[in-house]
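The data block below is run_16.pdb; it holds PDB, C-alpha atoms.
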```
MODEL        1
ATOM      1  CA  MET A   1      -5.815  41.198  24.447  1.00  0.00           C
ATOM      2  CA  ALA A   2      -6.016  40.658  28.190  1.00  0.00           C
ATOM      3  CA  THR A   3      -6.337  37.007  29.165  1.00  0.00           C
ATOM      4  CA  LYS A   4      -7.020  34.999  32.281  1.00  0.00           C
ATOM      5  CA  ARG A   5      -3.341  34.631  33.122  1.00  0.00           C
ATOM      6  CA  GLY A   6      -3.006  38.358  33.497  1.00  0.00           C
ATOM      7  CA  LYS A   7      -0.360  38.438  30.793  1.00  0.00           C
ATOM      8  CA  ARG A   8      -0.890  40.163  27.500  1.00  0.00           C
ATOM      9  CA  ALA A   9      -0.788  38.210  24.258  1.00  0.00           C
ATOM     10  CA  GLN A  10       1.189  40.279  21.740  1.00  0.00           C
ATOM     11  CA  SER A  11       0.001  39.576  18.197  1.00  0.00           C
ATOM     12  CA  PRO A  12      -3.540  38.831  16.975  1.00  0.00           C
ATOM     13  CA  LYS A  13      -2.455  35.299  16.043  1.00  0.00           C
ATOM     14  CA  THR A  14      -1.035  34.610  19.497  1.00  0.00           C
ATOM     15  CA  ALA A  15      -4.111  36.121  21.106  1.00  0.00           C
ATOM     16  CA  GLU A  16      -6.378  33.901  19.018  1.00  0.00           C
ATOM     17  CA  ILE A  17      -4.424  30.776  19.953  1.00  0.00           C
ATOM     18  CA  VAL A  18      -4.512  31.702  23.643  1.00  0.00           C
ATOM     19  CA  ARG A  19      -8.250  32.325  23.384  1.00  0.00           C
ATOM     20  CA  LEU A  20      -8.834  28.935  21.737  1.00  0.00           C
ATOM     21  CA  VAL A  21      -6.692  27.153  24.322  1.00  0.00           C
ATOM     22  CA  GLU A  22      -8.706  28.803  27.101  1.00  0.00           C
ATOM     23  CA  ALA A  23     -11.962  27.904  25.333  1.00  0.00           C
ATOM     24  CA  LEU A  24     -10.910  24.281  24.894  1.00  0.00           C
ATOM     25  CA  THR A  25     -10.005  23.955  28.553  1.00  0.00           C
ATOM     26  CA  THR A  26     -13.160  25.610  29.835  1.00  0.00           C
ATOM     27  CA  GLY A  27     -14.455  23.497  32.644  1.00  0.00           C
ATOM     28  CA  VAL A  28     -11.141  21.750  33.160  1.00  0.00           C
ATOM     29  CA  GLY A  29      -9.706  24.516  35.276  1.00  0.00           C
ATOM     30  CA  SER A  30      -6.147  23.275  34.827  1.00  0.00           C
ATOM     31  CA  HIS A  31      -4.431  26.604  35.400  1.00  0.00           C
ATOM     32  CA  ASP A  32      -6.452  28.251  32.633  1.00  0.00           C
ATOM     33  CA  GLY A  33      -5.096  26.062  29.873  1.00  0.00           C
ATOM     34  CA  VAL A  34      -1.492  26.177  30.983  1.00  0.00           C
ATOM     35  CA  VAL A  35      -0.955  22.423  30.610  1.00  0.00           C
ATOM     36  CA  LEU A  36      -2.237  22.523  27.046  1.00  0.00           C
ATOM     37  CA  GLY A  37      -0.686  25.880  26.160  1.00  0.00           C
ATOM     38  CA  ARG A  38       2.764  25.019  27.448  1.00  0.00           C
ATOM     39  CA  GLY A  39       2.679  21.683  25.654  1.00  0.00           C
ATOM     40  CA  ILE A  40       1.680  23.381  22.406  1.00  0.00           C
ATOM     41  CA  ALA A  41       4.444  25.951  22.713  1.00  0.00           C
ATOM     42  CA  ASP A  42       7.056  23.211  23.259  1.00  0.00           C
ATOM     43  CA  LEU A  43       5.756  21.143  20.342  1.00  0.00           C
ATOM     44  CA  LEU A  44       5.804  24.099  17.976  1.00  0.00           C
ATOM     45  CA  ARG A  45       9.291  25.153  18.999  1.00  0.00           C
ATOM     46  CA  ASP A  46      10.590  21.625  18.308  1.00  0.00           C
ATOM     47  CA  ALA A  47       8.679  21.333  15.008  1.00  0.00           C
ATOM     48  CA  TYR A  48      10.014  24.629  13.669  1.00  0.00           C
ATOM     49  CA  ARG A  49      13.547  23.928  14.774  1.00  0.00           C
ATOM     50  CA  GLU A  50      13.394  20.573  13.020  1.00  0.00           C
ATOM     51  CA  ARG A  51      11.866  22.048   9.869  1.00  0.00           C
ATOM     52  CA  GLN A  52      13.650  25.316   9.274  1.00  0.00           C
ATOM     53  CA  GLY A  53      15.873  26.076  12.216  1.00  0.00           C
ATOM     54  CA  SER A  54      14.251  29.374  13.164  1.00  0.00           C
ATOM     55  CA  VAL A  55      11.219  29.799  15.374  1.00  0.00           C
ATOM     56  CA  PRO A  56       8.613  32.359  14.204  1.00  0.00           C
ATOM     57  CA  ARG A  57       7.818  35.315  16.384  1.00  0.00           C
ATOM     58  CA  TRP A  58       4.297  34.165  17.219  1.00  0.00           C
ATOM     59  CA  VAL A  59       5.678  30.851  18.528  1.00  0.00           C
ATOM     60  CA  ARG A  60       8.239  32.709  20.655  1.00  0.00           C
ATOM     61  CA  GLU A  61       5.398  34.817  22.029  1.00  0.00           C
ATOM     62  CA  LEU A  62       3.480  31.668  22.959  1.00  0.00           C
ATOM     63  CA  ILE A  63       6.553  30.243  24.714  1.00  0.00           C
ATOM     64  CA  VAL A  64       6.914  33.444  26.749  1.00  0.00           C
ATOM     65  CA  TYR A  65       3.195  33.595  27.460  1.00  0.00           C
ATOM     66  CA  TYR A  66       3.063  30.074  28.858  1.00  0.00           C
ATOM     67  CA  ALA A  67       6.446  30.173  30.593  1.00  0.00           C
ATOM     68  CA  PRO A  68       6.278  29.449  34.318  1.00  0.00           C
ATOM     69  CA  GLU A  69       5.955  32.661  36.273  1.00  0.00           C
ATOM     70  CA  LYS A  70       8.895  33.593  38.440  1.00  0.00           C
ATOM     71  CA  ARG A  71       8.237  33.553  42.150  1.00  0.00           C
ATOM     72  CA  ALA A  72       8.883  36.688  44.159  1.00  0.00           C
ATOM     73  CA  ARG A  73      11.529  36.283  46.846  1.00  0.00           C
TER      74      ARG A  73
ATOM     75  CA  MET B  74      -9.241  31.765   8.734  1.00  0.00           C
ATOM     76  CA  THR B  75      -5.658  30.691   8.190  1.00  0.00           C
ATOM     77  CA  ALA B  76      -4.588  28.375   5.424  1.00  0.00           C
ATOM     78  CA  GLY B  77      -4.693  25.476   7.841  1.00  0.00           C
ATOM     79  CA  SER B  78      -4.126  21.835   7.209  1.00  0.00           C
ATOM     80  CA  ILE B  79      -4.330  20.244   3.799  1.00  0.00           C
ATOM     81  CA  VAL B  80      -5.113  16.779   5.103  1.00  0.00           C
ATOM     82  CA  PRO B  81      -8.193  15.722   7.070  1.00  0.00           C
ATOM     83  CA  THR B  82      -7.378  15.682  10.765  1.00  0.00           C
ATOM     84  CA  LEU B  83     -10.646  14.593  12.363  1.00  0.00           C
ATOM     85  CA  PRO B  84     -12.236  11.164  12.615  1.00  0.00           C
ATOM     86  CA  VAL B  85     -15.193  10.970  10.225  1.00  0.00           C
ATOM     87  CA  PRO B  86     -17.745  10.120  12.977  1.00  0.00           C
ATOM     88  CA  LEU B  87     -16.657  13.184  14.945  1.00  0.00           C
ATOM     89  CA  LEU B  88     -16.858  15.366  11.847  1.00  0.00           C
ATOM     90  CA  ARG B  89     -20.302  13.962  11.078  1.00  0.00           C
ATOM     91  CA  ASP B  90     -21.462  14.621  14.613  1.00  0.00           C
ATOM     92  CA  GLY B  91     -20.213  18.209  14.504  1.00  0.00           C
ATOM     93  CA  LEU B  92     -21.837  18.848  11.142  1.00  0.00           C
ATOM     94  CA  GLY B  93     -25.075  17.282  12.335  1.00  0.00           C
ATOM     95  CA  ARG B  94     -25.199  19.676  15.268  1.00  0.00           C
ATOM     96  CA  GLU B  95     -24.726  22.650  12.970  1.00  0.00           C
ATOM     97  CA  ALA B  96     -27.325  21.330  10.531  1.00  0.00           C
ATOM     98  CA  ALA B  97     -29.772  21.074  13.410  1.00  0.00           C
ATOM     99  CA  SER B  98     -29.449  24.797  14.105  1.00  0.00           C
ATOM    100  CA  LEU B  99     -28.867  26.083  10.551  1.00  0.00           C
ATOM    101  CA  SER B 100     -30.785  23.662   8.259  1.00  0.00           C
ATOM    102  CA  LEU B 101     -29.294  21.280   5.758  1.00  0.00           C
ATOM    103  CA  ARG B 102     -29.583  23.774   2.925  1.00  0.00           C
ATOM    104  CA  GLY B 103     -27.964  26.512   5.000  1.00  0.00           C
ATOM    105  CA  VAL B 104     -25.002  24.293   5.890  1.00  0.00           C
ATOM    106  CA  ALA B 105     -24.629  23.191   2.269  1.00  0.00           C
ATOM    107  CA  ARG B 106     -24.596  26.789   1.051  1.00  0.00           C
ATOM    108  CA  GLU B 107     -22.006  27.877   3.607  1.00  0.00           C
ATOM    109  CA  VAL B 108     -19.749  24.873   3.082  1.00  0.00           C
ATOM    110  CA  GLY B 109     -20.009  24.999  -0.689  1.00  0.00           C
ATOM    111  CA  MET B 110     -21.528  21.555  -1.163  1.00  0.00           C
ATOM    112  CA  SER B 111     -24.826  20.369  -2.544  1.00  0.00           C
ATOM    113  CA  PRO B 112     -27.605  19.736  -0.005  1.00  0.00           C
ATOM    114  CA  ASN B 113     -27.635  16.123  -1.195  1.00  0.00           C
ATOM    115  CA  GLY B 114     -23.915  15.846  -0.547  1.00  0.00           C
ATOM    116  CA  VAL B 115     -24.343  17.105   3.014  1.00  0.00           C
ATOM    117  CA  ARG B 116     -27.326  14.827   3.579  1.00  0.00           C
ATOM    118  CA  ASP B 117     -25.453  11.787   2.232  1.00  0.00           C
ATOM    119  CA  PHE B 118     -22.526  12.508   4.535  1.00  0.00           C
ATOM    120  CA  LEU B 119     -24.820  12.865   7.545  1.00  0.00           C
ATOM    121  CA  GLN B 120     -26.417   9.551   6.620  1.00  0.00           C
ATOM    122  CA  GLY B 121     -23.113   7.716   6.569  1.00  0.00           C
ATOM    123  CA  ALA B 122     -21.367   8.325   3.235  1.00  0.00           C
ATOM    124  CA  ILE B 123     -17.580   8.691   3.428  1.00  0.00           C
ATOM    125  CA  PRO B 124     -16.472  11.856   1.631  1.00  0.00           C
ATOM    126  CA  ARG B 125     -13.248  12.369  -0.286  1.00  0.00           C
ATOM    127  CA  SER B 126     -10.277  13.889   1.559  1.00  0.00           C
ATOM    128  CA  ALA B 127     -10.740  17.293  -0.081  1.00  0.00           C
ATOM    129  CA  THR B 128     -14.375  17.383   1.049  1.00  0.00           C
ATOM    130  CA  ARG B 129     -13.394  16.382   4.572  1.00  0.00           C
ATOM    131  CA  VAL B 130     -10.856  19.211   4.707  1.00  0.00           C
ATOM    132  CA  LYS B 131     -13.507  21.617   3.412  1.00  0.00           C
ATOM    133  CA  LEU B 132     -15.959  20.461   6.093  1.00  0.00           C
ATOM    134  CA  GLU B 133     -13.331  20.680   8.838  1.00  0.00           C
ATOM    135  CA  ARG B 134     -12.430  24.211   7.855  1.00  0.00           C
ATOM    136  CA  TRP B 135     -16.031  25.270   7.854  1.00  0.00           C
ATOM    137  CA  LEU B 136     -16.648  23.608  11.208  1.00  0.00           C
ATOM    138  CA  ALA B 137     -13.660  25.467  12.597  1.00  0.00           C
ATOM    139  CA  THR B 138     -15.199  28.804  11.652  1.00  0.00           C
ATOM    140  CA  ARG B 139     -18.300  27.789  13.592  1.00  0.00           C
ATOM    141  CA  GLY B 140     -16.347  27.116  16.790  1.00  0.00           C
ATOM    142  CA  LYS B 141     -15.707  30.713  17.749  1.00  0.00           C
ATOM    143  CA  VAL B 142     -18.107  31.427  20.554  1.00  0.00           C
ATOM    144  CA  THR B 143     -19.679  28.169  21.606  1.00  0.00           C
ATOM    145  CA  ARG B 144     -19.502  26.665  25.054  1.00  0.00           C
ATOM    146  CA  PRO B 145     -18.711  24.061  26.217  1.00  0.00           C
ATOM    147  CA  PRO B 146     -15.471  23.198  24.402  1.00  0.00           C
ATOM    148  CA  ASN B 147     -16.051  21.483  21.097  1.00  0.00           C
ATOM    149  CA  VAL B 148     -14.404  19.870  18.161  1.00  0.00           C
ATOM    150  CA  GLY B 149     -14.767  23.028  16.024  1.00  0.00           C
ATOM    151  CA  GLN B 150     -12.506  24.892  18.406  1.00  0.00           C
ATOM    152  CA  PHE B 151     -10.029  22.032  18.250  1.00  0.00           C
ATOM    153  CA  VAL B 152      -9.932  22.165  14.448  1.00  0.00           C
ATOM    154  CA  ARG B 153      -9.551  25.929  14.493  1.00  0.00           C
ATOM    155  CA  LEU B 154      -6.681  25.716  16.953  1.00  0.00           C
ATOM    156  CA  LEU B 155      -4.945  23.013  14.916  1.00  0.00           C
ATOM    157  CA  SER B 156      -5.469  25.105  11.808  1.00  0.00           C
ATOM    158  CA  GLU B 157      -3.890  28.176  13.422  1.00  0.00           C
ATOM    159  CA  LEU B 158      -0.947  26.165  14.698  1.00  0.00           C
ATOM    160  CA  SER B 159      -0.130  24.130  11.611  1.00  0.00           C
ATOM    161  CA  VAL B 160      -0.006  26.920   9.047  1.00  0.00           C
ATOM    162  CA  ASP B 161       3.663  26.287   8.129  1.00  0.00           C
ATOM    163  CA  LEU B 162       3.867  22.601   8.973  1.00  0.00           C
ATOM    164  CA  SER B 163       3.869  19.591   6.675  1.00  0.00           C
ATOM    165  CA  PRO B 164       0.825  17.248   6.559  1.00  0.00           C
ATOM    166  CA  GLY B 165       2.801  14.693   8.574  1.00  0.00           C
ATOM    167  CA  GLN B 166       3.733  17.239  11.218  1.00  0.00           C
ATOM    168  CA  THR B 167       0.125  18.455  11.305  1.00  0.00           C
ATOM    169  CA  LEU B 168      -1.153  14.963  12.061  1.00  0.00           C
ATOM    170  CA  GLU B 169       1.526  14.505  14.695  1.00  0.00           C
ATOM    171  CA  LEU B 170       0.580  17.871  16.213  1.00  0.00           C
ATOM    172  CA  GLY B 171      -3.092  16.845  16.224  1.00  0.00           C
ATOM    173  CA  ARG B 172      -2.244  13.653  18.083  1.00  0.00           C
ATOM    174  CA  ALA B 173      -0.080  15.523  20.574  1.00  0.00           C
ATOM    175  CA  LEU B 174      -2.827  18.116  21.095  1.00  0.00           C
ATOM    176  CA  ALA B 175      -5.384  15.401  21.777  1.00  0.00           C
ATOM    177  CA  GLU B 176      -3.012  13.820  24.318  1.00  0.00           C
ATOM    178  CA  LEU B 177      -2.379  17.176  25.980  1.00  0.00           C
ATOM    179  CA  LEU B 178      -6.097  17.784  26.183  1.00  0.00           C
ATOM    180  CA  VAL B 179      -6.557  14.434  27.910  1.00  0.00           C
ATOM    181  CA  GLN B 180      -3.729  15.316  30.298  1.00  0.00           C
ATOM    182  CA  SER B 181      -5.453  18.611  31.105  1.00  0.00           C
ATOM    183  CA  TYR B 182      -8.461  16.653  32.313  1.00  0.00           C
ATOM    184  CA  GLU B 183      -6.426  13.992  34.097  1.00  0.00           C
ATOM    185  CA  VAL B 184      -4.449  16.595  36.023  1.00  0.00           C
ATOM    186  CA  ARG B 185      -7.766  17.574  37.581  1.00  0.00           C
ATOM    187  CA  ARG B 186      -8.857  13.942  37.969  1.00  0.00           C
ATOM    188  CA  LEU B 187     -11.659  14.562  35.507  1.00  0.00           C
ATOM    189  CA  SER B 188     -12.798  12.202  32.803  1.00  0.00           C
ATOM    190  CA  PRO B 189     -12.233  13.685  29.325  1.00  0.00           C
ATOM    191  CA  PRO B 190     -15.407  14.285  27.311  1.00  0.00           C
ATOM    192  CA  ARG B 191     -16.407  11.706  24.747  1.00  0.00           C
ATOM    193  CA  TRP B 192     -15.214  13.773  21.758  1.00  0.00           C
ATOM    194  CA  VAL B 193     -11.743  14.134  23.278  1.00  0.00           C
ATOM    195  CA  GLN B 194     -11.517  10.373  23.842  1.00  0.00           C
ATOM    196  CA  ASP B 195     -12.679   9.743  20.255  1.00  0.00           C
ATOM    197  CA  LEU B 196     -10.071  12.150  18.975  1.00  0.00           C
ATOM    198  CA  LEU B 197      -7.281  10.429  20.867  1.00  0.00           C
ATOM    199  CA  ARG B 198      -8.384   6.980  19.676  1.00  0.00           C
ATOM    200  CA  HIS B 199      -8.443   8.279  16.115  1.00  0.00           C
ATOM    201  CA  TYR B 200      -4.900   9.620  16.236  1.00  0.00           C
ATOM    202  CA  ARG B 201      -3.519   6.585  18.034  1.00  0.00           C
ATOM    203  CA  ALA B 202      -5.093   4.311  15.425  1.00  0.00           C
ATOM    204  CA  ARG B 203      -3.611   6.389  12.606  1.00  0.00           C
ATOM    205  CA  ARG B 204      -0.223   6.292  14.245  1.00  0.00           C
ATOM    206  CA  GLY B 205      -0.412   2.509  14.641  1.00  0.00           C
ATOM    207  CA  LYS B 206      -1.441   2.171  11.026  1.00  0.00           C
ATOM    208  CA  ALA B 207       1.397   4.383   9.838  1.00  0.00           C
ATOM    209  CA  ALA B 208       3.881   2.381  11.897  1.00  0.00           C
ATOM    210  CA  SER B 209       2.649  -0.923  10.497  1.00  0.00           C
ATOM    211  CA  GLU B 210       2.901   0.445   6.953  1.00  0.00           C
ATOM    212  CA  VAL B 211       6.531   1.362   7.577  1.00  0.00           C
ATOM    213  CA  ALA B 212       7.379  -2.047   9.077  1.00  0.00           C
TER     214      ALA B 212
ENDMDL
END
```
This structure in structure tokens:
Amino acid sequence: MATKRGKRAQSPKTAEIVRLVEALTTGVGSHDGVVLGRGIADLLRDAYRERQGSVPRWVRELIVYYAPEKRAR
Amino acid sequence: MTAGSIVPTLPVPLLRDGLGREAASLSLRGVAREVGMSPNGVRDFLQGAIPRSATRVKLERWLATRGKVTRPPNVGQFVRLLSELSVDLSPGQTLELGRALAELLVQSYEVRRLSPPRWVQDLLRHYRARRGKAASEVA
């Protein structure tokens, strides 16, 4: 699924979450939901680490999706 | 829809408001049929009755399925997102995630110097109140 950030969400679950984040931040314009998306990814990573130690693939995909983009030199 | 949360995550007034909007477009009987409640049960809730937790969860889940394509952002989308995210989490973690999501949503607006919509403010108040209550119960 192509999204506003120009990145590609990998799994259907990740794509659905990205779509909902974008929908919820419609009208806010804060980097297409990046503030919310990055916060969610961090929260999930911490919650899963606390609960079971390993982070599911879909959470890792979200972390990558919302990671700050590297600047070209 | 994913398994989602097993505890109610929305303030009752917000849930009632969301259901009322759907009832306005679908009819009371239509909502009742889709949710799996009696029309009287739906009507009583819309008129102020406080449903049991299991009924609230059922209503939240149904509302989430209705939030797929609507604009502007709404509480159904919030519930659906929380449901997707909390599939493996405990009820306590789900509530904490809901509170954090509401705060992040407020931040998203504040970053742009915009005032969050009423439903976002209600959501945040709800979670902060629950957190305060939980803390006082522990103390």
Worksheet item: Which value, in Å to one decimal, gives the distance between atom CA of B:Leu197 and atom CA of B:Pro84?
Response: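 Pair atom CA of B:Leu197 / atom CA of B:Pro84 returns 9.7 Å.
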Residues matched by the ChimeraX specification (/B :<7) & /A, written as an mmCIF file with C-alpha atoms, keeping the file's coordinate frame:
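Output below, filename expr38.cif:
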```cif
data_model
loop_
_atom_site.group_PDB
_atom_site.id
_atom_site.type_symbol
_atom_site.label_atom_id
_atom_site.label_comp_id
_atom_site.auth_asym_id
_atom_site.auth_seq_id
_atom_site.Cartn_x
_atom_site.Cartn_y
_atom_site.Cartn_z
ATOM 1 C CA ILE A 17 -4.424 30.776 19.953
ATOM 2 C CA LEU A 20 -8.834 28.935 21.737
ATOM 3 C CA ALA A 23 -11.962 27.904 25.333
ATOM 4 C CA LEU A 24 -10.910 24.281 24.894
ATOM 5 C CA THR A 25 -10.005 23.955 28.553
ATOM 6 C CA THR A 26 -13.160 25.610 29.835
ATOM 7 C CA VAL A 28 -11.141 21.750 33.160
ATOM 8 C CA SER A 30 -6.147 23.275 34.827
ATOM 9 C CA VAL A 35 -0.955 22.423 30.610
ATOM 10 C CA LEU A 36 -2.237 22.523 27.046
ATOM 11 C CA GLY A 39 2.679 21.683 25.654
#
```
Fill in: Top pick for closest residue to B:Arg89, considering B:Gly121, B:Gly171, B:Pro112, B:Gly103 and counting all atoms listed in the file
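Closest candidate: B:Gly121.
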Worksheet item: Hey, can you check how far atom CA of A:Leu44 sits from atom CA of B:Gly91?
Response: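 Going from atom CA of A:Leu44 over to atom CA of B:Gly91 covers 26.9 Å.
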Discussion item. Using only C-alpha atoms, which protein or nucleic acid residues come within 8 Å of stretch 54-58 of chain A? Drop anything in the same chain fewer than 6 positions from it, and give the result as a ChimeraX atom specification.
Written reply: /A:11,13-14,45,48
Name the residues in contact with B:Gly93 at a cut-off of 10 Å, using only C-alpha atoms, excluding same-chain residues fewer than 5 positions from it; report them as a short mmCIF file (atom, residue, chain, number, x, y, z; two decimals) with C-alpha atoms, in the frame of the given file.
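Listed below is the output, out_32.cif:
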```cif
data_model
loop_
_atom_site.label_atom_id
_atom_site.label_comp_id
_atom_site.auth_asym_id
_atom_site.auth_seq_id
_atom_site.Cartn_x
_atom_site.Cartn_y
_atom_site.Cartn_z
CA LEU B 87 -16.66 13.18 14.94
CA LEU B 88 -16.86 15.37 11.85
CA SER B 98 -29.45 24.80 14.10
CA LEU B 99 -28.87 26.08 10.55
CA SER B 100 -30.78 23.66 8.26
CA LEU B 101 -29.29 21.28 5.76
CA VAL B 104 -25.00 24.29 5.89
CA VAL B 115 -24.34 17.10 3.01
CA ARG B 116 -27.33 14.83 3.58
CA PHE B 118 -22.53 12.51 4.54
CA LEU B 119 -24.82 12.86 7.54
CA GLN B 120 -26.42 9.55 6.62
#
```
Fill in: Separation of atom CA of B:Ile123 from atom CA of B:Arg106 in Å
19.6 Å
